[in-house]
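Trainee: One structure is given below, represented as structure tokens, and several questions about it will come after.
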Amino acid sequence: MNKLVLIDGNSIAYRAFFALPLLNNKKGVYTNAVYGFTTMLLKVLEEENPSHLLVAFDAGKTTFRHETFKEYKSGRQKTPGELSEQLPLMRELLEAFDIAYTEVKNYEADDIIGTLASKAEKEGWDVKIYSGDKDLLQLVSEKTSVALTKKGITNVETYTPEAMQERYGFEPARIVDMKGLMGDSSDNIPGVPGVGEKTALKLLHEFGTIEKVLDSIDQISGKKMKERLEENKEQAMMSKQLAVIETNAPLTVTIEDAARKGYNTDKIIALFKELEFESLLNKFDTEEEASQELEEIHFTTVEKEVTQEMLASPSALIVEVPSENYHEADIWGISIVNESGAYYISTEAALASDAFKVWAADPKQEKYMADTKRAVVALGWKGIELAGVTHDILIASYLIDPSAGSHQVADIAERNAQKKIDSDDAVFGKGAKRGRPDEDKLSEHLVRKGLAIFELKNVLEKKLKENEQFELFKDLELPLSLILGKMEKTGITVDTDQLKAMGEELTGRLQTLEKEIHELAGTEFNINSPKQLGPILFEKLGLPPLKKTKTGYSTSADVLEKLADQHEIIPKLLLYRQVSKLQSTYVEGLLKVVHEDTHKIHTMFNQALTQTGRLSSTEPNLQNIPIRLEEGRKIRKAFTSSDKGWSILAADYSQIELRVLAHIAGDEGLLEAFRNEMDVHTKTAMDVFHVKEEDVTGNMRRSAKAVNFGIVYGISDYGLSQSLSIPRKEAQEFIDRYLASYPKVRDYMDSIKEQAREYGYVTTLLNRRRYLPEITSSNFNRRSFAERTAMNTPIQGTAADIIKKAMVDVTHALEEKQLESRMLLQVHDELIFEVPEHELKEMEALVPDVMARTMKLDVPLKADVSYGDTWYDAK
DNA sequence: GCGTTCACGC
DNA sequence: GACGTACGTGAACGCA
């Protein structure tokens with residue numbers, strides 16, 4: 001059976017354009033709409049596998065509809081230039097795919113689709129239409145279905161006559177009646193003023209068609225509504241007429257012209273390459289990838305003895321640790337590149353060589369690396385010291401542009417030197433397929449990476465200096481990477497018996513809760529599945545669904561909390577969620593990663609990931625161990641010191657972000673609060689609500705705290721309204737009052753946005769940089785997000801700068817004073833140590849002092865400190 | 001394997 | 001009208 005797919009080209013392009021960030025290729029050509037259109041096209045080809053396929057485009061500005069109504073589509077914002085320049089590219093793409101497309105003067109894409117669909121139906125074909133425009137729904141029939149884009153581009157909702165009935169309660173042809181009543185502001189179709197979707201549906205359900213509605217005006221309730229309908233009879237009829245899709249447009253193409261042909265892979269690859277659609281290329285470019293374009297290289301393979309000649313300074317050094325987790329990990333091989341040559345050294349040869357070990361540990365022997373921490377930790381586990389690293393391209397690349405998705409050698413090379421080398425994934429395979437390649441392939445790849453580093457070092461160093469980021473790189477991030485490596489390798493001791501005991505208790509409670517919940521629900525189901533839980537709460541038990549997700553009902557905690565007193569099951573569900581989170585993520589999750597013999601956990605800090613300069617922590621994440629609820633906080637009892645008689649000491653910055661804000665903005669009110677060591681949320685409440693300290697109520701302080709939180713994290717009025725459960729308008733009022741109270745903060749917010757628009761990026765106190773290309777976006781949401789980011793990043797990023805510097809300073813202080821205490825963790829504004837008893841008093845004074853003095857701001861920095869036997873007790 | 005939903009921290 | 005709202009990581013589910 002023939003199957004014709006018709007795509008509304010302009011509509012899909014429009015959707016794609018707004019759904020995706022403004023991508024462009026190296027030549028500066030915008031590609032996001034073409035990209036989105038392409039992904040949609042590929043999905044259609046794969047899922048529908050149609051025998052016939054055609055893309056319809058709108059032609060020109062005027063259509064036959066303008067004869068009926070000359071204002072048709074007037075007032076519509078003109079298509080952004082960034083989008084219109086992509087339309088020709090879409091045609092190029094369709095030609096490469098050898099897919100039919102057409103446009104017809106005086107007609108819209110809708111009419112072409114309507115005409116072809118009607119012809120195909122008459123031939124008995126199946127038809128499917130893809131668009132973002134609801135008008136097309138009038139074409140739905142037993143033979144024709146319409147897929148409307150929902151969210152993004154490839155996420156569609158398909159309408160059949162049954163689905164129409166379910167959604168609208170009427171047959172497809174009534175869509176035009178609905179539009180006749182409602183109008184359509186985007187097409188400038190007037191309809192009947194005051195009638196929206198709800199009223200239109202009500203009227204149509206009652207009377208059937210627009211004509212019948214207008215014939216029965218006297219039966220309609222509401223004086224105002226009667227008047228409106230009476231006054232706008234003609235306008236309504238005209239609006240309906242405008243909405244009707246022409247199914248007999250004069251076409252030059254026939255449905256047979258839409259027959260699919262095989263496409264030309266070479267053309268597609270060439271176009272994808274030009275547009276830089278890397279991810280899509282893989283689908284077509286299976287064989288070609290290989291090393292054919294790579295430059296020729298020469299190197300020496302060392303299986304036995306490492307000679308002095310190979311160990312020059314400076315050298316690029318690759319220590320290949322291929323597994324994601326580098327603790328106690330295999331090293332596949334080593335390469336060294338320097339003035340004397342390029343060498344691949346087998347791991348065995350290197351580790352057996354005293355010369356190599358001495359060179360590696362010699363701080364005077366300069367090394368350039370990519371991901372120093374990975375190598376330092378992996379070598380550290382094998383008892384080999386590494387020092388003298390003076391450049392790390394991973395860190396340099398991250399500082400130059402944290403938003404660059406990958407900082408792998410191959411990607412850095414491509415971005416910064418147009419130098420082509422294979423990615424690790426291409427050489428080693430990824431996921432389940434990853435494995436050690438044969439020795440020739442491995443050695444060549446490692447040497448290529450070494451050569452790339454040797455070249456890239458100069459390029460990146462130059463960029464860092466241009467950006468005034470060289471000090472940030474050299475004095476902060478590079479030393480920090482070694483410090484982090486040491487912390488990771490040291491690890492933190494976990495009392496597994498304690499964890500296991502907690503696990504058993506939690507299991508018991510979960511079983512009881514599960515039984516109770518099933519009884520209250522009257523049926524057994526998987527409580528962990530929102531998909532199963534939703535229908536039970538909102539259908540079976542009849543609770544009101546307050547929020548929806550794209551796949552069904554939302555059952556998140558904030559929804560459940562609002563329903564807490566409506567059904568006994570709700571508090572039990574909330575408790576179940578809380579307990580099962582503790583069980584799965586924290587008890588079971590942590591036990592899985594505790595080292596059997598040492599009882600230690602070794603996390604990995606990612607130093608080159610966040611857009612703000614913060615660290616992140618994985619396998620496990622030790623930056624989100626529970627603290628707010630007592631129940632969860634007990635997990636911290638399992639984190640202990642590694643030696644008897646030692647303590648866990650924690651020091652955390654007090655309100656570091658707000659202090660940074662006070663400093664950057666120079667706002668007297670805020671500065672005063674900190675200089676006088678006031679409770680900053682109370683102070684904010686006083687200033688925002690214009691009351692005396694003693695008149696600040698709990699609620700005022702709570703609101704003030706939420707606003708401060710919002711300022712620190714850059715949330716929107718929407719975000720604030722969510723956190724305070726108040727209408728968005730009130731949230732906006734809070735923000736306005738805040739800014740009125742702190743005028744210098746308002747000035748800062750304005751000037752930082754201006755700076756972002758002018759330079760395209762914002763910076764922190766230590767010149768960390770974040771680019772914000774969307775600050776000039778014509779899309780409100782994109783632009784707003786970029787603006788909030790512009791305001792927030794200097795605050796959060798400077799706070800990150802400060803604690804990172806404190807870590808370097810503390811490390812130096814520990815060395816200088818020859819203390820045995822060890823730094824174990826960083827949690828954004830907090831440092832955790834293990835401390836022997838005889839150093840406790842000294843550390844208690846030293847750490848907060850170093851933290852406070854690490855940077856001089858216009859406000860004092862303050863750190864609080866505490867200690868105890870476990871992390872729990874350090875409170 | 002991958003996307004979605006939920007929940008933890010700052 | 002689009003559209004989705006601070007940043008991260010991880011677990012479980014359910015689809016492919």
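Order determines the names: the first chain of the structure tokens is A, the second B, and so forth; residues in each chain are numbered 1 upward, and ligands are numbered 1 upward as they are shown.
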Please find the residues of chain A near chain C - the criterion being any atom within 7 Å, counting only C-alpha atoms (C1' of nucleotides) - and write them as a PDB file with N, CA and C atoms, in the first residue's frame.
Mentor:
```pdb
ATOM      1  N   PHE A  18      12.888  28.022  16.723  1.00  0.00           N
ATOM      2  CA  PHE A  18      12.668  28.517  18.082  1.00  0.00           C
ATOM      3  C   PHE A  18      12.972  27.477  19.148  1.00  0.00           C
ATOM      4  N   ASN A 528       7.577   3.221  42.894  1.00  0.00           N
ATOM      5  CA  ASN A 528       8.669   3.985  42.292  1.00  0.00           C
ATOM      6  C   ASN A 528       8.372   4.430  40.867  1.00  0.00           C
ATOM      7  N   SER A 529       7.273   3.969  40.320  1.00  0.00           N
ATOM      8  CA  SER A 529       6.965   4.340  38.945  1.00  0.00           C
ATOM      9  C   SER A 529       5.915   5.445  38.906  1.00  0.00           C
ATOM     10  N   SER A 584      18.395   3.764  48.366  1.00  0.00           N
ATOM     11  CA  SER A 584      19.011   3.414  47.073  1.00  0.00           C
ATOM     12  C   SER A 584      20.242   4.254  46.773  1.00  0.00           C
ATOM     13  N   THR A 585      20.125   5.577  46.947  1.00  0.00           N
ATOM     14  CA  THR A 585      21.252   6.416  46.550  1.00  0.00           C
ATOM     15  C   THR A 585      22.358   6.436  47.596  1.00  0.00           C
ATOM     16  N   SER A 616      32.437  19.674  40.323  1.00  0.00           N
ATOM     17  CA  SER A 616      31.375  18.699  40.538  1.00  0.00           C
ATOM     18  C   SER A 616      32.057  17.414  41.000  1.00  0.00           C
ATOM     19  N   THR A 618      31.776  13.012  41.242  1.00  0.00           N
ATOM     20  CA  THR A 618      31.087  11.808  40.739  1.00  0.00           C
ATOM     21  C   THR A 618      31.697  10.522  41.300  1.00  0.00           C
ATOM     22  N   ASN A 621      28.978  10.978  44.070  1.00  0.00           N
ATOM     23  CA  ASN A 621      28.872  12.417  44.286  1.00  0.00           C
ATOM     24  C   ASN A 621      28.872  12.662  45.788  1.00  0.00           C
ATOM     25  N   TYR A 713      21.253  32.351  43.022  1.00  0.00           N
ATOM     26  CA  TYR A 713      21.195  31.320  41.990  1.00  0.00           C
ATOM     27  C   TYR A 713      20.618  31.810  40.675  1.00  0.00           C
ATOM     28  N   GLY A 714      20.272  33.093  40.607  1.00  0.00           N
ATOM     29  CA  GLY A 714      19.796  33.636  39.339  1.00  0.00           C
ATOM     30  C   GLY A 714      18.470  33.062  38.895  1.00  0.00           C
ATOM     31  N   ILE A 715      17.557  32.833  39.835  1.00  0.00           N
ATOM     32  CA  ILE A 715      16.274  32.286  39.406  1.00  0.00           C
ATOM     33  C   ILE A 715      15.366  33.407  38.913  1.00  0.00           C
ATOM     34  N   SER A 716      14.296  32.992  38.222  1.00  0.00           N
ATOM     35  CA  SER A 716      13.378  33.957  37.629  1.00  0.00           C
ATOM     36  C   SER A 716      12.240  34.258  38.599  1.00  0.00           C
ATOM     37  N   GLY A 719      10.652  31.076  39.151  1.00  0.00           N
ATOM     38  CA  GLY A 719      11.341  30.224  40.127  1.00  0.00           C
ATOM     39  C   GLY A 719      11.033  30.652  41.556  1.00  0.00           C
ATOM     40  N   ASN A 781      12.547  34.013  26.048  1.00  0.00           N
ATOM     41  CA  ASN A 781      13.001  33.085  27.086  1.00  0.00           C
ATOM     42  C   ASN A 781      14.505  32.899  27.061  1.00  0.00           C
TER      43      ASN A 781
END
```
Trainee: Residues of chain B within 8 Å of chain A, counting only C-alpha atoms (C1' of nucleotides), what are they? List them as a PyMOL selection string.
Mentor: chain B and resi 5-10
Trainee: Name the residues in contact with Phe207 (chain A) at a cut-off of 12 Å, using only C-alpha atoms (C1' of nucleotides), excluding same-chain residues fewer than 3 positions from it; report them as a VMD selection string.
Mentor: chain A and resid 170 174 177 to 178 200 to 204 210 to 217 219 to 220
Trainee: Would you pick out the contacts of Val34 (chain A) at 9 Å or less, using only C-alpha atoms (C1' of nucleotides), so that residues sharing its chain but fewer than 2 positions from it are not included, and give the list as a list in words?
Mentor: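 Once the nearby chain positions are removed, what remains is Ala13, Ala16, Phe17, Tyr30, Thr31, Asn32, Gly36, Phe37, Thr38, Thr39, Gln86, Leu87, Leu89, Met90, Leu93 and Leu275 of chain A.
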Trainee: Can you pull out every residue from region 237-322 of chain A that DSSP, working from the backbone, puts in alpha helix (DSSP H), and format the result as a list in words?
Mentor: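 For region 237-322 of chain A, the alpha helix (DSSP H) set is Met237, Met238, Ser239, Lys240, Gln241, Leu242, Ala243, Thr265, Asp266, Lys267, Ile268, Ile269, Ala270, Leu271, Phe272, Lys273, Glu274, Leu275, Glu278, Ser279, Leu280, Leu281, Asn282, Lys283 and Phe284 of chain A.
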Trainee: Please return, as a ChimeraX atom specification, all residues of region 6-127 of chain A that DSSP assigns to strand (DSSP E) on the basis of the backbone.
Mentor: /A:6-8,52-56,100-102,126-127
Trainee: Can you tell me, as JSON, numbers by chain, what residues are no more than 12 Å from Val44 (chain A) when counting only C-alpha atoms (C1' of nucleotides), ignoring any on the same chain fewer than 4 positions away?
Mentor: {"A": [4, 5, 6, 7, 37, 38, 39, 40, 48, 49, 50, 51, 52, 53, 54, 55, 128, 129, 130, 147, 153, 154, 155, 156]}
Trainee: Report, in Å with one decimal, the straight-line distance from CA of Tyr653 (chain A) to CA of Ile802 (chain A).
Mentor: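 Computed distance, CA of Tyr653 (chain A) to CA of Ile802 (chain A), equals 9.9 Å.
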